[in-house]
$ cat query-v5.cif   # mmCIF, N, CA, C and O atoms
data_start
#
loop_
_atom_site.label_atom_id
_atom_site.label_comp_id
_atom_site.auth_asym_id
_atom_site.auth_seq_id
_atom_site.Cartn_x
_atom_site.Cartn_y
_atom_site.Cartn_z
N MET N 1 -5.93 13.75 -19.18
CA MET N 1 -6.20 12.42 -19.65
C MET N 1 -5.29 12.10 -20.82
O MET N 1 -5.11 12.91 -21.70
N ASP N 2 -4.77 10.93 -20.79
CA ASP N 2 -3.91 10.51 -21.89
C ASP N 2 -4.75 9.68 -22.85
O ASP N 2 -4.97 8.49 -22.63
N TYR N 3 -5.26 10.32 -23.88
CA TYR N 3 -6.15 9.64 -24.82
C TYR N 3 -5.43 8.58 -25.62
O TYR N 3 -6.05 7.70 -26.20
N LYS N 4 -4.10 8.62 -25.63
CA LYS N 4 -3.33 7.63 -26.38
C LYS N 4 -3.34 6.27 -25.68
O LYS N 4 -3.20 5.25 -26.32
N LYS N 5 -3.52 6.27 -24.37
CA LYS N 5 -3.51 5.03 -23.60
C LYS N 5 -4.91 4.61 -23.19
O LYS N 5 -5.07 3.72 -22.36
N SER N 6 -5.92 5.21 -23.73
CA SER N 6 -7.29 4.92 -23.36
C SER N 6 -7.69 3.52 -23.84
O SER N 6 -7.21 3.02 -24.85
N LYS N 7 -8.61 2.93 -23.11
CA LYS N 7 -9.13 1.62 -23.48
C LYS N 7 -10.42 1.74 -24.28
O LYS N 7 -11.15 0.76 -24.43
N ALA N 8 -10.69 2.92 -24.78
CA ALA N 8 -11.90 3.15 -25.55
C ALA N 8 -11.83 2.40 -26.87
O ALA N 8 -10.77 2.30 -27.48
N PRO N 9 -12.95 1.86 -27.32
CA PRO N 9 -12.95 1.14 -28.60
C PRO N 9 -12.76 2.09 -29.77
O PRO N 9 -13.13 3.26 -29.69
N VAL N 10 -12.20 1.58 -30.83
CA VAL N 10 -11.98 2.39 -32.03
C VAL N 10 -13.27 2.47 -32.84
O VAL N 10 -13.54 3.47 -33.50
N ASN N 11 -14.07 1.43 -32.79
CA ASN N 11 -15.34 1.39 -33.51
C ASN N 11 -16.50 1.68 -32.58
O ASN N 11 -16.37 1.59 -31.36
N THR N 12 -17.62 2.00 -33.14
CA THR N 12 -18.80 2.31 -32.36
C THR N 12 -19.28 1.08 -31.60
O THR N 12 -19.31 -0.02 -32.14
N VAL N 13 -19.64 1.30 -30.34
CA VAL N 13 -20.12 0.22 -29.48
C VAL N 13 -21.49 0.61 -28.94
O VAL N 13 -21.70 1.76 -28.55
N THR N 14 -22.40 -0.34 -28.90
CA THR N 14 -23.73 -0.09 -28.36
C THR N 14 -23.68 -0.23 -26.85
O THR N 14 -23.20 -1.23 -26.34
N HIS N 15 -24.19 0.78 -26.15
CA HIS N 15 -24.23 0.75 -24.69
C HIS N 15 -25.68 0.72 -24.24
O HIS N 15 -26.57 1.26 -24.91
N ASN N 16 -25.90 0.13 -23.09
CA ASN N 16 -27.23 0.13 -22.49
C ASN N 16 -27.51 1.53 -21.94
O ASN N 16 -26.71 2.08 -21.18
N ILE N 17 -28.62 2.10 -22.34
CA ILE N 17 -28.95 3.46 -21.92
C ILE N 17 -29.07 3.56 -20.41
O ILE N 17 -28.66 4.56 -19.81
N MET N 18 -29.57 2.53 -19.79
CA MET N 18 -29.75 2.56 -18.34
C MET N 18 -28.40 2.62 -17.61
O MET N 18 -28.31 3.19 -16.53
N ASP N 19 -27.37 2.04 -18.21
CA ASP N 19 -26.03 2.13 -17.60
C ASP N 19 -25.51 3.56 -17.64
O ASP N 19 -24.80 3.98 -16.73
N LEU N 20 -25.84 4.29 -18.70
CA LEU N 20 -25.37 5.67 -18.82
C LEU N 20 -26.08 6.62 -17.86
O LEU N 20 -25.52 7.62 -17.44
N CYS N 21 -27.33 6.31 -17.53
CA CYS N 21 -28.05 7.24 -16.65
C CYS N 21 -28.01 6.81 -15.18
O CYS N 21 -28.64 7.45 -14.34
N ASP N 22 -27.26 5.78 -14.84
CA ASP N 22 -27.15 5.36 -13.44
C ASP N 22 -26.58 6.46 -12.55
O ASP N 22 -27.09 6.72 -11.47
N GLU N 23 -25.53 7.10 -13.01
CA GLU N 23 -24.83 8.08 -12.18
C GLU N 23 -25.62 9.38 -12.00
O GLU N 23 -25.64 9.95 -10.93
N THR N 24 -26.26 9.84 -13.07
CA THR N 24 -26.96 11.13 -13.00
C THR N 24 -28.45 10.97 -12.75
O THR N 24 -29.09 11.91 -12.28
N GLY N 25 -29.01 9.84 -13.12
CA GLY N 25 -30.45 9.65 -12.97
C GLY N 25 -31.24 10.19 -14.15
O GLY N 25 -32.45 10.12 -14.17
N ASN N 26 -30.55 10.74 -15.13
CA ASN N 26 -31.22 11.32 -16.28
C ASN N 26 -30.35 11.10 -17.50
O ASN N 26 -29.20 11.55 -17.55
N ILE N 27 -30.89 10.42 -18.51
CA ILE N 27 -30.10 10.10 -19.71
C ILE N 27 -29.68 11.36 -20.45
O ILE N 27 -28.58 11.43 -20.97
N TYR N 28 -30.53 12.36 -20.47
CA TYR N 28 -30.21 13.59 -21.19
C TYR N 28 -29.06 14.34 -20.53
O TYR N 28 -28.20 14.90 -21.19
N GLU N 29 -29.06 14.34 -19.21
CA GLU N 29 -27.97 14.98 -18.48
C GLU N 29 -26.66 14.23 -18.74
O GLU N 29 -25.61 14.85 -18.95
N SER N 30 -26.73 12.91 -18.77
CA SER N 30 -25.54 12.11 -19.06
C SER N 30 -25.00 12.39 -20.45
O SER N 30 -23.79 12.52 -20.65
N VAL N 31 -25.90 12.51 -21.42
CA VAL N 31 -25.49 12.78 -22.80
C VAL N 31 -24.84 14.16 -22.90
O VAL N 31 -23.83 14.34 -23.60
N VAL N 32 -25.37 15.14 -22.20
CA VAL N 32 -24.79 16.48 -22.22
C VAL N 32 -23.39 16.47 -21.60
O VAL N 32 -22.46 17.09 -22.13
N ILE N 33 -23.22 15.75 -20.52
CA ILE N 33 -21.91 15.65 -19.87
C ILE N 33 -20.92 15.00 -20.81
O ILE N 33 -19.79 15.48 -20.98
N ILE N 34 -21.33 13.91 -21.46
CA ILE N 34 -20.45 13.21 -22.40
C ILE N 34 -20.11 14.11 -23.58
O ILE N 34 -18.97 14.17 -24.03
N ALA N 35 -21.10 14.84 -24.08
CA ALA N 35 -20.87 15.73 -25.23
C ALA N 35 -19.89 16.85 -24.88
O ALA N 35 -19.00 17.17 -25.68
N LYS N 36 -20.04 17.43 -23.72
CA LYS N 36 -19.12 18.50 -23.32
C LYS N 36 -17.71 17.97 -23.13
O LYS N 36 -16.73 18.63 -23.51
N ARG N 37 -17.58 16.79 -22.56
CA ARG N 37 -16.26 16.20 -22.40
C ARG N 37 -15.66 15.84 -23.76
O ARG N 37 -14.46 16.01 -23.98
N ALA N 38 -16.49 15.37 -24.68
CA ALA N 38 -16.01 15.04 -26.03
C ALA N 38 -15.49 16.30 -26.72
O ALA N 38 -14.47 16.24 -27.43
N ASN N 39 -16.13 17.43 -26.53
CA ASN N 39 -15.64 18.69 -27.09
C ASN N 39 -14.28 19.06 -26.51
O ASN N 39 -13.39 19.50 -27.23
N GLN N 40 -14.11 18.87 -25.21
CA GLN N 40 -12.82 19.15 -24.57
C GLN N 40 -11.72 18.25 -25.14
O GLN N 40 -10.63 18.71 -25.45
N ILE N 41 -12.02 16.97 -25.29
CA ILE N 41 -11.05 16.02 -25.83
C ILE N 41 -10.71 16.37 -27.26
O ILE N 41 -9.55 16.33 -27.67
N SER N 42 -11.72 16.73 -28.04
CA SER N 42 -11.52 17.08 -29.45
C SER N 42 -10.58 18.28 -29.57
O SER N 42 -9.67 18.28 -30.42
N ILE N 43 -10.78 19.27 -28.75
CA ILE N 43 -9.92 20.46 -28.77
C ILE N 43 -8.49 20.08 -28.39
O ILE N 43 -7.54 20.54 -29.02
N GLN N 44 -8.34 19.24 -27.38
CA GLN N 44 -7.01 18.81 -26.95
C GLN N 44 -6.30 18.03 -28.05
O GLN N 44 -5.12 18.27 -28.32
N ILE N 45 -6.99 17.13 -28.71
CA ILE N 45 -6.39 16.35 -29.79
C ILE N 45 -5.99 17.26 -30.95
O ILE N 45 -4.91 17.13 -31.52
N LYS N 46 -6.87 18.20 -31.27
CA LYS N 46 -6.58 19.12 -32.38
C LYS N 46 -5.35 19.98 -32.07
O LYS N 46 -4.52 20.21 -32.95
N GLU N 47 -5.23 20.45 -30.83
CA GLU N 47 -4.07 21.25 -30.45
C GLU N 47 -2.78 20.42 -30.53
O GLU N 47 -1.76 20.90 -31.03
N ASP N 48 -2.84 19.18 -30.05
CA ASP N 48 -1.66 18.31 -30.12
C ASP N 48 -1.24 18.05 -31.55
O ASP N 48 -0.06 18.12 -31.89
N LEU N 49 -2.21 17.76 -32.40
CA LEU N 49 -1.92 17.50 -33.81
C LEU N 49 -1.35 18.74 -34.49
O LEU N 49 -0.37 18.66 -35.23
N SER N 50 -1.93 19.88 -34.19
CA SER N 50 -1.44 21.13 -34.79
C SER N 50 -0.02 21.44 -34.38
O SER N 50 0.79 21.88 -35.20
N LYS N 51 0.31 21.19 -33.11
CA LYS N 51 1.68 21.41 -32.64
C LYS N 51 2.67 20.51 -33.37
O LYS N 51 3.74 20.95 -33.77
N LYS N 52 2.30 19.25 -33.53
CA LYS N 52 3.21 18.31 -34.19
C LYS N 52 3.35 18.62 -35.68
O LYS N 52 4.44 18.50 -36.24
N LEU N 53 2.27 19.02 -36.32
CA LEU N 53 2.33 19.33 -37.75
C LEU N 53 2.99 20.68 -38.01
O LEU N 53 3.50 20.91 -39.11
N ALA N 54 2.98 21.56 -37.02
CA ALA N 54 3.61 22.87 -37.20
C ALA N 54 5.11 22.75 -37.37
O ALA N 54 5.75 23.60 -38.00
N GLU N 55 5.68 21.68 -36.85
CA GLU N 55 7.12 21.45 -37.01
C GLU N 55 7.50 21.24 -38.47
O GLU N 55 8.62 21.51 -38.88
N PHE N 56 6.56 20.75 -39.27
CA PHE N 56 6.83 20.45 -40.67
C PHE N 56 6.36 21.55 -41.62
O PHE N 56 6.49 21.41 -42.83
N ALA N 57 5.80 22.61 -41.07
CA ALA N 57 5.26 23.67 -41.92
C ALA N 57 6.37 24.38 -42.68
O ALA N 57 7.42 24.71 -42.14
N SER N 58 6.11 24.59 -43.96
CA SER N 58 7.05 25.40 -44.74
C SER N 58 6.33 26.69 -45.10
O SER N 58 5.16 26.69 -45.48
N TYR N 59 7.02 27.76 -45.00
CA TYR N 59 6.41 29.06 -45.20
C TYR N 59 6.80 29.66 -46.55
O TYR N 59 7.04 30.85 -46.67
N ASN N 60 6.84 28.83 -47.56
CA ASN N 60 7.13 29.31 -48.91
C ASN N 60 5.83 29.76 -49.57
O ASN N 60 4.78 29.15 -49.40
N ASP N 61 5.94 30.82 -50.34
CA ASP N 61 4.78 31.31 -51.07
C ASP N 61 4.62 30.59 -52.41
O ASP N 61 3.64 30.79 -53.10
N SER N 62 5.57 29.80 -52.75
CA SER N 62 5.55 29.10 -54.03
C SER N 62 4.75 27.81 -53.92
O SER N 62 4.99 26.97 -53.08
N LEU N 63 3.77 27.67 -54.80
CA LEU N 63 2.98 26.45 -54.83
C LEU N 63 3.64 25.36 -55.65
O LEU N 63 3.20 24.22 -55.64
N GLU N 64 4.68 25.70 -56.33
CA GLU N 64 5.35 24.73 -57.18
C GLU N 64 6.13 23.71 -56.37
O GLU N 64 6.32 22.58 -56.80
N GLU N 65 6.60 24.10 -55.21
CA GLU N 65 7.44 23.22 -54.41
C GLU N 65 6.62 22.52 -53.34
O GLU N 65 6.79 22.73 -52.15
N VAL N 66 5.72 21.67 -53.73
CA VAL N 66 4.93 20.88 -52.81
C VAL N 66 5.57 19.51 -52.70
O VAL N 66 5.81 18.85 -53.70
N PHE N 67 5.88 19.12 -51.51
CA PHE N 67 6.53 17.82 -51.33
C PHE N 67 5.85 17.07 -50.19
O PHE N 67 5.22 17.67 -49.32
N GLU N 68 5.97 15.78 -50.21
CA GLU N 68 5.38 14.94 -49.18
C GLU N 68 6.42 14.63 -48.12
O GLU N 68 7.53 14.24 -48.44
N ASN N 69 6.05 14.79 -46.91
CA ASN N 69 6.93 14.48 -45.80
C ASN N 69 6.41 13.19 -45.17
O ASN N 69 5.29 13.14 -44.66
N ARG N 70 7.19 12.16 -45.18
CA ARG N 70 6.79 10.84 -44.68
C ARG N 70 6.39 10.90 -43.20
O ARG N 70 5.41 10.29 -42.81
N GLU N 71 7.15 11.62 -42.39
CA GLU N 71 6.85 11.73 -40.97
C GLU N 71 5.50 12.42 -40.73
O GLU N 71 4.73 12.03 -39.87
N GLN N 72 5.24 13.43 -41.51
CA GLN N 72 3.98 14.16 -41.39
C GLN N 72 2.79 13.25 -41.72
O GLN N 72 1.77 13.27 -41.04
N ILE N 73 2.95 12.43 -42.74
CA ILE N 73 1.90 11.50 -43.13
C ILE N 73 1.68 10.46 -42.03
O ILE N 73 0.53 10.13 -41.69
N GLU N 74 2.74 9.97 -41.43
CA GLU N 74 2.62 8.98 -40.36
C GLU N 74 1.92 9.58 -39.13
O GLU N 74 1.10 8.91 -38.50
N ILE N 75 2.24 10.81 -38.79
CA ILE N 75 1.59 11.48 -37.66
C ILE N 75 0.09 11.62 -37.94
O ILE N 75 -0.74 11.34 -37.08
N SER N 76 -0.25 12.04 -39.14
CA SER N 76 -1.66 12.20 -39.50
C SER N 76 -2.39 10.87 -39.44
O SER N 76 -3.52 10.79 -38.95
N ARG N 77 -1.77 9.82 -39.92
CA ARG N 77 -2.40 8.48 -39.88
C ARG N 77 -2.60 8.02 -38.44
O ARG N 77 -3.61 7.40 -38.12
N TYR N 78 -1.62 8.30 -37.61
CA TYR N 78 -1.74 7.90 -36.20
C TYR N 78 -2.96 8.56 -35.56
O TYR N 78 -3.74 7.90 -34.86
N TYR N 79 -3.13 9.85 -35.79
CA TYR N 79 -4.26 10.56 -35.20
C TYR N 79 -5.59 10.13 -35.82
O TYR N 79 -6.62 10.18 -35.16
N GLU N 80 -5.58 9.71 -37.07
CA GLU N 80 -6.80 9.21 -37.69
C GLU N 80 -7.24 7.89 -37.08
O GLU N 80 -8.42 7.58 -37.04
N LYS N 81 -6.28 7.10 -36.60
CA LYS N 81 -6.59 5.79 -36.04
C LYS N 81 -7.02 5.84 -34.58
O LYS N 81 -7.51 4.85 -34.05
N LEU N 82 -6.85 6.99 -33.93
CA LEU N 82 -7.27 7.12 -32.54
C LEU N 82 -8.79 7.01 -32.44
O LEU N 82 -9.51 7.36 -33.39
N PRO N 83 -9.30 6.57 -31.30
CA PRO N 83 -10.76 6.56 -31.12
C PRO N 83 -11.31 7.98 -31.20
O PRO N 83 -10.63 8.94 -30.84
N LYS N 84 -12.53 8.10 -31.66
CA LYS N 84 -13.17 9.40 -31.77
C LYS N 84 -13.41 9.99 -30.37
O LYS N 84 -13.56 9.25 -29.39
N PRO N 85 -13.44 11.31 -30.27
CA PRO N 85 -13.63 11.95 -28.96
C PRO N 85 -14.90 11.51 -28.24
O PRO N 85 -14.90 11.39 -27.01
N THR N 86 -15.97 11.25 -28.96
CA THR N 86 -17.20 10.81 -28.31
C THR N 86 -17.02 9.44 -27.66
O THR N 86 -17.55 9.19 -26.57
N LEU N 87 -16.27 8.56 -28.31
CA LEU N 87 -16.02 7.24 -27.73
C LEU N 87 -15.11 7.35 -26.51
O LEU N 87 -15.32 6.65 -25.51
N LEU N 88 -14.12 8.23 -26.58
CA LEU N 88 -13.24 8.45 -25.43
C LEU N 88 -14.03 9.02 -24.25
O LEU N 88 -13.86 8.58 -23.11
N ALA N 89 -14.89 10.00 -24.52
CA ALA N 89 -15.68 10.63 -23.46
C ALA N 89 -16.66 9.64 -22.85
O ALA N 89 -16.85 9.61 -21.63
N THR N 90 -17.29 8.82 -23.67
CA THR N 90 -18.23 7.82 -23.16
C THR N 90 -17.50 6.82 -22.27
O THR N 90 -18.00 6.46 -21.20
N GLN N 91 -16.34 6.38 -22.69
CA GLN N 91 -15.56 5.43 -21.89
C GLN N 91 -15.17 6.06 -20.55
O GLN N 91 -15.26 5.41 -19.51
N GLU N 92 -14.74 7.31 -20.57
CA GLU N 92 -14.40 8.00 -19.33
C GLU N 92 -15.61 8.10 -18.40
O GLU N 92 -15.50 7.91 -17.20
N PHE N 93 -16.76 8.42 -18.98
CA PHE N 93 -17.97 8.57 -18.18
C PHE N 93 -18.37 7.25 -17.54
O PHE N 93 -18.72 7.20 -16.35
N ILE N 94 -18.30 6.18 -18.31
CA ILE N 94 -18.66 4.85 -17.78
C ILE N 94 -17.70 4.44 -16.67
O ILE N 94 -18.12 3.84 -15.67
N GLU N 95 -16.42 4.76 -16.81
CA GLU N 95 -15.42 4.41 -15.80
C GLU N 95 -15.44 5.35 -14.60
O GLU N 95 -14.72 5.15 -13.64
N GLY N 96 -16.25 6.41 -14.66
CA GLY N 96 -16.36 7.36 -13.55
C GLY N 96 -15.19 8.32 -13.45
O GLY N 96 -14.90 8.85 -12.37
N LYS N 97 -14.53 8.60 -14.55
CA LYS N 97 -13.37 9.49 -14.56
C LYS N 97 -13.72 10.93 -14.93
O LYS N 97 -12.84 11.76 -15.04
N VAL N 98 -14.99 11.21 -15.14
CA VAL N 98 -15.41 12.55 -15.54
C VAL N 98 -15.97 13.28 -14.32
O VAL N 98 -16.87 12.79 -13.64
N TYR N 99 -15.40 14.45 -14.05
CA TYR N 99 -15.90 15.29 -12.97
C TYR N 99 -16.91 16.27 -13.56
O TYR N 99 -16.63 16.91 -14.57
N TYR N 100 -18.06 16.36 -12.94
CA TYR N 100 -19.07 17.32 -13.39
C TYR N 100 -19.83 17.81 -12.17
O TYR N 100 -19.84 17.18 -11.12
N ARG N 101 -20.44 18.97 -12.35
CA ARG N 101 -21.28 19.52 -11.29
C ARG N 101 -22.38 20.33 -11.93
O ARG N 101 -22.27 20.78 -13.07
N ASP N 102 -23.44 20.52 -11.17
CA ASP N 102 -24.58 21.30 -11.65
C ASP N 102 -24.77 22.48 -10.71
O ASP N 102 -25.26 22.32 -9.59
N PRO N 103 -24.36 23.68 -11.14
CA PRO N 103 -24.46 24.85 -10.25
C PRO N 103 -25.90 25.18 -9.85
O PRO N 103 -26.13 25.72 -8.77
N VAL N 104 -26.87 24.84 -10.70
CA VAL N 104 -28.26 25.12 -10.38
C VAL N 104 -28.69 24.28 -9.18
O VAL N 104 -29.36 24.78 -8.26
N ARG N 105 -28.32 23.03 -9.17
CA ARG N 105 -28.66 22.16 -8.03
C ARG N 105 -27.92 22.59 -6.77
O ARG N 105 -28.46 22.49 -5.68
N GLU N 106 -26.69 23.05 -6.94
CA GLU N 106 -25.92 23.49 -5.77
C GLU N 106 -26.55 24.72 -5.12
O GLU N 106 -26.54 24.85 -3.92
N GLN N 107 -27.12 25.62 -5.93
CA GLN N 107 -27.75 26.81 -5.39
C GLN N 107 -29.09 26.47 -4.76
O GLN N 107 -29.51 27.09 -3.79
N ALA N 108 -29.80 25.47 -5.30
CA ALA N 108 -31.11 25.09 -4.80
C ALA N 108 -31.01 24.35 -3.48
O ALA N 108 -31.95 24.36 -2.68
N THR N 109 -29.91 23.71 -3.22
CA THR N 109 -29.72 22.95 -1.99
C THR N 109 -29.39 23.91 -0.85
O THR N 109 -28.42 24.65 -0.92
N PRO N 110 -30.21 23.89 0.21
CA PRO N 110 -29.91 24.78 1.34
C PRO N 110 -28.66 24.32 2.08
O PRO N 110 -28.43 23.13 2.26
N VAL N 111 -27.86 25.28 2.48
CA VAL N 111 -26.63 24.99 3.20
C VAL N 111 -26.91 24.99 4.68
O VAL N 111 -27.50 25.92 5.23
N GLU N 112 -26.52 23.90 5.34
CA GLU N 112 -26.76 23.79 6.78
C GLU N 112 -25.59 24.42 7.53
O GLU N 112 -24.43 24.20 7.20
N ALA N 113 -25.91 25.17 8.56
CA ALA N 113 -24.86 25.83 9.34
C ALA N 113 -24.65 25.16 10.66
O ALA N 113 -25.37 24.45 11.19
#
$ encode --input "query-v5.cif" --output "structure tokens"
Amino acid sequence: MDYKKSKAPVNTVTHNIMDLCDETGNIYESVVIIAKRANQISIQIKEDLSKKLAEFASYNDSLEEVFENREQIEISRYYEKLPKPTLLATQEFIEGKVYYRDPVREQATPVEA
């Protein structure tokens, strides 16, 4: 998923609870799916940010030579302005872009031969 091109809102938006539980039939299951996807997105964003900031890392042991890098500040600001992972995950879930499965239900369902 390209979170940079997402149509997710930057600010918090109120959603109808019944819309969230349409697909699963259970609001709690929907919230768990959204939360797990938000964790995945958060990890992906953090890895991307770390890779970009690692380019600017200086490995000096001297604390006296602290300097500001304009590009590094701009990258950090860009990532701060992105929608939060929970908003991205909720938007994906509403649009039906999240794949999920429940192994317990799959085992409980008898397989027809």
$ residues_around --input "query-v5.cif" --residues "Lys84 of chain N" --least-positions-apart "5" --cutoff "8 Å" --atoms "only N, CA, C and O atoms" --output "list in words"
Ala8, Pro9, Val10, Asn11, Ala38, Ile41, Ser42, Tyr79, Ala89, Thr90 and Gln91 of chain N
$ closest_residue --input "query-v5.cif" --among "N:Val13, N:Cys21, N:Leu53, N:Ile43" --to "Gln72 of chain N" --atoms "all atoms listed in the file"
N:Leu53
$ atom_distance --input "query-v5.cif" --atom1 "atom C of Thr12 of chain N" --atom2 "atom O of Leu87 of chain N"
9.2 Å
$ atom_distance --input "query-v5.cif" --atom1 "atom O of Met18 of chain N" --atom2 "atom CA of Pro85 of chain N"
21.1 Å
$ select_by_dssp --input "query-v5.cif" --residues "chain N" --states "alpha helix (DSSP H)" --output "ChimeraX atom specification"
/N:17-20,27-54,70-81,85-95,103-108
$ atom_distance --input "query-v5.cif" --atom1 "atom O of Arg77 of chain N" --atom2 "atom O of Gln44 of chain N"
14.7 Å
$ closest_residue --input "query-v5.cif" --among "N:Val32, N:Leu88, N:Ala108, N:Val98" --to "Ser6 of chain N" --atoms "only C-alpha atoms"
N:Leu88
$ resolve_selection --input "query-v5.cif" --expression "the PyMOL selection byres (((chain N and resi 49 and name CA) around 12) and name CA)" --output "ChimeraX atom specification"
/N:42-48,50-56,72-80,82
$ closest_residue --input "query-v5.cif" --among "N:Lys7, N:Glu106, N:Arg70, N:Phe93" --to "Ile34 of chain N" --atoms "only N, CA, C and O atoms"
N:Phe93
$ residues_around --input "query-v5.cif" --residues "Glu23 of chain N" --least-positions-apart "5" --cutoff "9 Å" --atoms "only C-alpha atoms" --output "list in words"
Ser30, Ile94 and Gly96 of chain N
